[in-house]
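Worksheet: the structure to be examined is printed underneath.
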Amino acid sequence: MKTSDYDIKDISLAGMGRQRIEWASREMPVVKLIRERFEKEKPFKGIRISACLHVTTETANLALTLKDGGADLVLCASNPLSTQDDVAAALVEYEIPTNAIKAENEDTYYQHIVTALNSQPNLTVDDGADLVTTLHTKRKDLIKNVLGGTEETTTGVTRLRSFAKAKQLKYPIIAVNDAKTKYLFDNRYGTGQSTIDGITRATNILWAGKKVVVCGYGWCGHGLAMRAKGLGSQVIVVEVDPVRALEAAMDGFQVLPLKMAAKIGDIFITVTGDKNVIDIQHISILKDGAILANSGHFNVEINIPALENLSKSKRNIRGYVDEYKLKDGRRIFLLGEGRLINLAAAEGHPASVMDMSFANQALSLEYIVKNYRNLENEVYPVPEYIDNNVALLKLHSMKITIDKLTREQKKYLTSWQEGT
Ligand SMILES: NC(=O)c1ccc[n+]([C@@H]2O[C@H](COP(=O)([O-])OP(=O)(O)OC[C@H]3O[C@@H](n4cnc5c(N)ncnc54)[C@H](O)[C@@H]3O)[C@@H](O)[C@H]2O)c1
């Protein structure tokens with residue numbers, strides 16, 4: 001693909017994008033180390049990569065790392081509302097064809113994915129599995145070129161596992177999301193902090209004293225509930241999984257069914273990866289002035305069509321805040337059109353956590369290039385040595401050293417003879 005093949009908002013934003021990409025790189029020492037090695041070793045020489053990721057400053061640092069490793073890279077957005085237009089412009093200046101415009105409609109979003117696929121990739125990098133599913137449905141002819149791919153998020157991994165189970169997946173995928181150095185930090189601390197950031201930027205609300213309902217106590221929910229509690233909110237957790245509900249209760253949160261929480265909550269945040277979590281029966285009993293936001297991957301967690309049906313009018317009251325006036329007079333505020341609020345209204349995760357997620361991405365892609373002949377058309381975990389290495393490098397960058405097992409301890413921990 002020619003570097004002139006791109007579709008972005010405004011190339012004149014490139015200067016600002018470059019500065020912000022540089023700023024993020026300060027917090028990405030692990031990716032920097034990998035980039036320096038890739039520059040010398042060129043593991044992606046002759047390899048074409050199509051990447052469908054949130055177009056943020058951190059993604060730009062990953063893209064530059066892959067490019068310096070010899071890859072021919074094309075980028076598109078993994079969400080219509082998550083693109084940072086200045087970053088997209090800077091990427092084009094860095095000669096990475098980028099197809100992404102913040103607030104693009106769904107047709108343009110999919111057109112951009114198809115454009116990214118037109119480069120005939122050997123590797124795919126996905127966040128949510130829209131690129132992989134488009135490749136498998138609309139551009140099956142290109143699958144023969146693909147050695148493998150990676151998937152960044154929980155929802156994408158869930159989709160791809162279903163795909164593999166149905167024997168439809170035609171090449172191996174590494175589930176980057178499932179690396180410990182990804183979900184324990186990115187999903188928990190990254191989503192926790194950036195979701196609060198997005199809602200704060202959109203609304204400027206005071207969190208202290210608010211009743212915050214967190215739907216889903218997975219890794220994202222853990223981080224979000226913890227951060228909202230730290231800001232003085234009274235956090236209520238809604239779950240369907242008994243173990244996670246129990247964990248939330250013992251972490252000190254009130255656990256309620258959504259039908260009860262709906263009557264008392266001030267702010268509702270969905271992070272489940274599920275559909276219609278906040279549904280018509282809940283919207284019908286929300287308090288006047290309730291705020292609804294989502295930080296799960298797709299904009300299906302809040303039943304927006306039901307909200308629209310219950311409403312007599314809708315107006316945009318400030319950036320990323322739509323006021324729905326219901327027929328019974330109550331007002332409900334929906335943030336960021338129900339799309340992931342941390343990327344729609346803020347800048348997404350801090351670079352320091354993306355450092356680990358994208359180190360896993362870069363190293364997993366290198367692993368595929370070296371090992372694709374031994375991989376089946378399945379969803380694989382990130383190899384453990386990569387995960388552990390990312391943790392060690394991150395600790396090193398934080399100037400933290402840890403102890404090592406002694407020979408005696410290693411022996412003890414792998415034997416059964418010694419007891420009371
Ligand atoms: N905003 C971001 O930047 C960002 C970052 C990482 C992940 N994500 C997305 O966030 C979502 C959650 O990710 P995760 O890693 O926390 O997943 P997870 O699987 O660890 O947790 C999801 C939780 O939601 C619960 N759940 C499912 N349906 C529910 C329902 N109807 N009501 C209440 N709870 C329900 C599940 O039982 C589970 O405990 C996914 O869509 C993921 O792709 C977003």
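We name chains A, B, ... following the order of the structure tokens; residues begin at 1 in each chain, and ligands are numbered from 1 as shown.
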Could you pull out the residues sitting within 6 Å of ligand 1, using only C-alpha atoms and all ligand atoms, and write them as a ChimeraX atom specification?
/A:153-155,187,191,215-221,238-241,244,271-274,277,295-297,340,342
Show which residues sit within 12 Å of Lys32 of chain A, as a PDB file with N, CA and C atoms, in the first residue's frame. Count only C-alpha atoms, and ignore same-chain residues fewer than 3 positions away.
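Heads up, here's the output in part04.pdb:
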ATOM      1  N   GLU A  22       5.473  11.534  21.520  1.00  0.00           N
ATOM      2  CA  GLU A  22       6.773  11.599  22.203  1.00  0.00           C
ATOM      3  C   GLU A  22       6.569  11.595  23.723  1.00  0.00           C
ATOM      4  N   ALA A  24       4.066  10.273  25.399  1.00  0.00           N
ATOM      5  CA  ALA A  24       3.667   8.920  25.827  1.00  0.00           C
ATOM      6  C   ALA A  24       4.885   7.997  25.868  1.00  0.00           C
ATOM      7  N   SER A  25       5.826   8.186  24.944  1.00  0.00           N
ATOM      8  CA  SER A  25       6.978   7.267  24.868  1.00  0.00           C
ATOM      9  C   SER A  25       7.813   7.316  26.145  1.00  0.00           C
ATOM     10  N   ARG A  26       7.774   8.449  26.861  1.00  0.00           N
ATOM     11  CA  ARG A  26       8.514   8.557  28.133  1.00  0.00           C
ATOM     12  C   ARG A  26       8.059   7.501  29.134  1.00  0.00           C
ATOM     13  N   GLU A  27       6.780   7.124  29.021  1.00  0.00           N
ATOM     14  CA  GLU A  27       6.187   6.183  29.978  1.00  0.00           C
ATOM     15  C   GLU A  27       6.150   4.764  29.411  1.00  0.00           C
ATOM     16  N   MET A  28       6.844   4.558  28.290  1.00  0.00           N
ATOM     17  CA  MET A  28       6.807   3.235  27.658  1.00  0.00           C
ATOM     18  C   MET A  28       8.226   2.678  27.489  1.00  0.00           C
ATOM     19  N   PRO A  29       8.926   2.500  28.612  1.00  0.00           N
ATOM     20  CA  PRO A  29      10.329   2.056  28.510  1.00  0.00           C
ATOM     21  C   PRO A  29      10.484   0.631  27.988  1.00  0.00           C
ATOM     22  N   ARG A  35      11.806  -1.807  20.805  1.00  0.00           N
ATOM     23  CA  ARG A  35      11.988  -1.062  19.549  1.00  0.00           C
ATOM     24  C   ARG A  35      13.473  -1.003  19.169  1.00  0.00           C
ATOM     25  N   GLU A  36      14.323  -0.780  20.171  1.00  0.00           N
ATOM     26  CA  GLU A  36      15.767  -0.701  19.890  1.00  0.00           C
ATOM     27  C   GLU A  36      16.294  -2.033  19.347  1.00  0.00           C
ATOM     28  N   ARG A  37      15.787  -3.117  19.926  1.00  0.00           N
ATOM     29  CA  ARG A  37      16.229  -4.443  19.428  1.00  0.00           C
ATOM     30  C   ARG A  37      15.684  -4.702  18.023  1.00  0.00           C
ATOM     31  N   PHE A  38      14.388  -4.381  17.837  1.00  0.00           N
ATOM     32  CA  PHE A  38      13.770  -4.604  16.516  1.00  0.00           C
ATOM     33  C   PHE A  38      14.495  -3.808  15.423  1.00  0.00           C
ATOM     34  N   GLU A  39      14.932  -2.595  15.777  1.00  0.00           N
ATOM     35  CA  GLU A  39      15.624  -1.749  14.795  1.00  0.00           C
ATOM     36  C   GLU A  39      16.852  -2.473  14.236  1.00  0.00           C
ATOM     37  N   GLU A  58      -0.270   5.814  22.448  1.00  0.00           N
ATOM     38  CA  GLU A  58       0.403   4.564  22.803  1.00  0.00           C
ATOM     39  C   GLU A  58       0.449   3.629  21.591  1.00  0.00           C
ATOM     40  N   ASN A  61       3.167   4.511  19.323  1.00  0.00           N
ATOM     41  CA  ASN A  61       4.475   3.991  19.739  1.00  0.00           C
ATOM     42  C   ASN A  61       4.635   2.518  19.360  1.00  0.00           C
ATOM     43  N   LEU A  62       3.550   1.748  19.463  1.00  0.00           N
ATOM     44  CA  LEU A  62       3.617   0.347  19.004  1.00  0.00           C
ATOM     45  C   LEU A  62       3.836   0.308  17.488  1.00  0.00           C
ATOM     46  N   ALA A  63       3.071   1.130  16.771  1.00  0.00           N
ATOM     47  CA  ALA A  63       3.163   1.124  15.302  1.00  0.00           C
ATOM     48  C   ALA A  63       4.588   1.465  14.859  1.00  0.00           C
ATOM     49  N   LEU A  64       5.199   2.439  15.506  1.00  0.00           N
ATOM     50  CA  LEU A  64       6.566   2.834  15.138  1.00  0.00           C
ATOM     51  C   LEU A  64       7.561   1.714  15.465  1.00  0.00           C
ATOM     52  N   THR A  65       7.272   0.993  16.543  1.00  0.00           N
ATOM     53  CA  THR A  65       8.135  -0.133  16.922  1.00  0.00           C
ATOM     54  C   THR A  65       8.089  -1.223  15.848  1.00  0.00           C
ATOM     55  N   LEU A  66       6.879  -1.527  15.365  1.00  0.00           N
ATOM     56  CA  LEU A  66       6.740  -2.568  14.344  1.00  0.00           C
ATOM     57  C   LEU A  66       7.363  -2.107  13.021  1.00  0.00           C
ATOM     58  N   ASP A  68       9.826   0.073  12.682  1.00  0.00           N
ATOM     59  CA  ASP A  68      11.292   0.021  12.821  1.00  0.00           C
ATOM     60  C   ASP A  68      11.798  -1.413  12.778  1.00  0.00           C
ATOM     61  N   GLY A  69      10.909  -2.362  13.096  1.00  0.00           N
ATOM     62  CA  GLY A  69      11.277  -3.774  13.005  1.00  0.00           C
ATOM     63  C   GLY A  69      11.153  -4.311  11.583  1.00  0.00           C
ATOM     64  N   SER A 352       1.774   4.166  30.648  1.00  0.00           N
ATOM     65  CA  SER A 352       2.553   3.227  31.450  1.00  0.00           C
ATOM     66  C   SER A 352       1.945   1.820  31.461  1.00  0.00           C
ATOM     67  N   ASP A 355       2.302   0.258  27.948  1.00  0.00           N
ATOM     68  CA  ASP A 355       3.677  -0.204  27.753  1.00  0.00           C
ATOM     69  C   ASP A 355       3.716  -1.736  27.861  1.00  0.00           C
ATOM     70  N   MET A 356       3.027  -2.268  28.867  1.00  0.00           N
ATOM     71  CA  MET A 356       3.044  -3.725  29.057  1.00  0.00           C
ATOM     72  C   MET A 356       2.167  -4.436  28.019  1.00  0.00           C
ATOM     73  N   PHE A 358       1.370  -3.456  25.044  1.00  0.00           N
ATOM     74  CA  PHE A 358       1.942  -3.399  23.692  1.00  0.00           C
ATOM     75  C   PHE A 358       3.303  -4.097  23.611  1.00  0.00           C
ATOM     76  N   ALA A 359       3.980  -4.248  24.740  1.00  0.00           N
ATOM     77  CA  ALA A 359       5.188  -5.088  24.733  1.00  0.00           C
ATOM     78  C   ALA A 359       4.753  -6.520  24.423  1.00  0.00           C
ATOM     79  N   ALA A 362       3.961  -6.699  20.664  1.00  0.00           N
ATOM     80  CA  ALA A 362       5.140  -6.719  19.793  1.00  0.00           C
ATOM     81  C   ALA A 362       5.841  -8.084  19.863  1.00  0.00           C
ATOM     82  N   LEU A 393      11.041  -6.679  32.828  1.00  0.00           N
ATOM     83  CA  LEU A 393      11.517  -5.432  32.201  1.00  0.00           C
ATOM     84  C   LEU A 393      10.809  -4.218  32.803  1.00  0.00           C
ATOM     85  N   LYS A 394       9.512  -4.398  33.093  1.00  0.00           N
ATOM     86  CA  LYS A 394       8.765  -3.262  33.677  1.00  0.00           C
ATOM     87  C   LYS A 394       9.304  -2.961  35.075  1.00  0.00           C
ATOM     88  N   SER A 397      12.478  -1.144  34.784  1.00  0.00           N
ATOM     89  CA  SER A 397      12.303   0.270  34.411  1.00  0.00           C
ATOM     90  C   SER A 397      11.822   1.097  35.604  1.00  0.00           C
TER      91      SER A 397
END
Check segment 215-358 of chain A with DSSP on the backbone and list each residue it calls strand (DSSP E), as JSON, numbers by chain.
{"A": [215, 234, 235, 236, 237, 238, 254, 255, 267, 268, 269, 270, 291, 292, 293, 294, 311, 312, 313, 314, 315, 316, 317, 318, 321, 322, 323, 324, 325, 326, 331, 332, 333, 334, 335]}
Sort by chain and increasing residue number a table of all residues of segment 324-384 of chain A within 9 Å of segment 303-306 of chain A, each with its closest pair of atoms and their distance in Å to one decimal, counting only C-alpha atoms, and write it as a tab-separated table.
residue	atom	partner	partner_atom	distance
A:Leu334	CA	A:Ile304	CA	8.8
A:Glu337	CA	A:Ile304	CA	8.3
A:Gly338	CA	A:Ile304	CA	7.6
Just all heavy atoms for this one: save the residues we selected as a compact mmCIF listing (two decimals), in the first residue's frame.
# COMPACT_ATOMS: atom_id res chain seq x y z
N LEU A 334 -26.84 10.20 28.88
CA LEU A 334 -26.02 9.13 28.30
C LEU A 334 -24.70 9.74 27.84
O LEU A 334 -24.69 10.73 27.10
CB LEU A 334 -26.75 8.49 27.11
CG LEU A 334 -25.95 7.41 26.37
CD1 LEU A 334 -25.75 6.16 27.24
CD2 LEU A 334 -26.66 7.02 25.06
N GLU A 337 -22.34 8.43 23.69
CA GLU A 337 -23.19 7.56 22.85
C GLU A 337 -23.08 6.09 23.26
O GLU A 337 -23.24 5.17 22.45
CB GLU A 337 -22.79 7.69 21.37
CG GLU A 337 -22.95 9.09 20.83
CD GLU A 337 -22.23 9.29 19.49
OE1 GLU A 337 -21.99 8.28 18.80
OE2 GLU A 337 -21.92 10.43 19.18
N GLY A 338 -22.73 5.87 24.53
CA GLY A 338 -22.62 4.48 25.01
C GLY A 338 -21.36 3.78 24.55
O GLY A 338 -21.21 2.57 24.74
May I have the residues within 12 Å of segment 89-97 of chain A as a PyMOL selection string, using only C-alpha atoms and disregarding those fewer than 6 positions away in the same chain?
chain A and resi 1-22+48-51+55-68+71-77+83+112+115-119
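Straight-line separation from atom CA of Met226 of chain A to atom CA of Arg339 of chain A: 21.7 Å.
Atom CA of Gly70 of chain A to atom CA of Gly149 of chain A spans 16.9 Å [interatomic distance, one decimal].
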Residues within 7 Å of Ser78 of chain A, please, as a PyMOL selection string. Count only C-alpha atoms; anything in the same chain fewer than 3 positions from it doesn't count.
chain A and resi 52-54+127-128
Between A:Trp207, A:Phe163, A:Phe253, A:Tyr171, which is the closest to Ile143 of chain A once you count only C-alpha atoms?
A:Tyr171
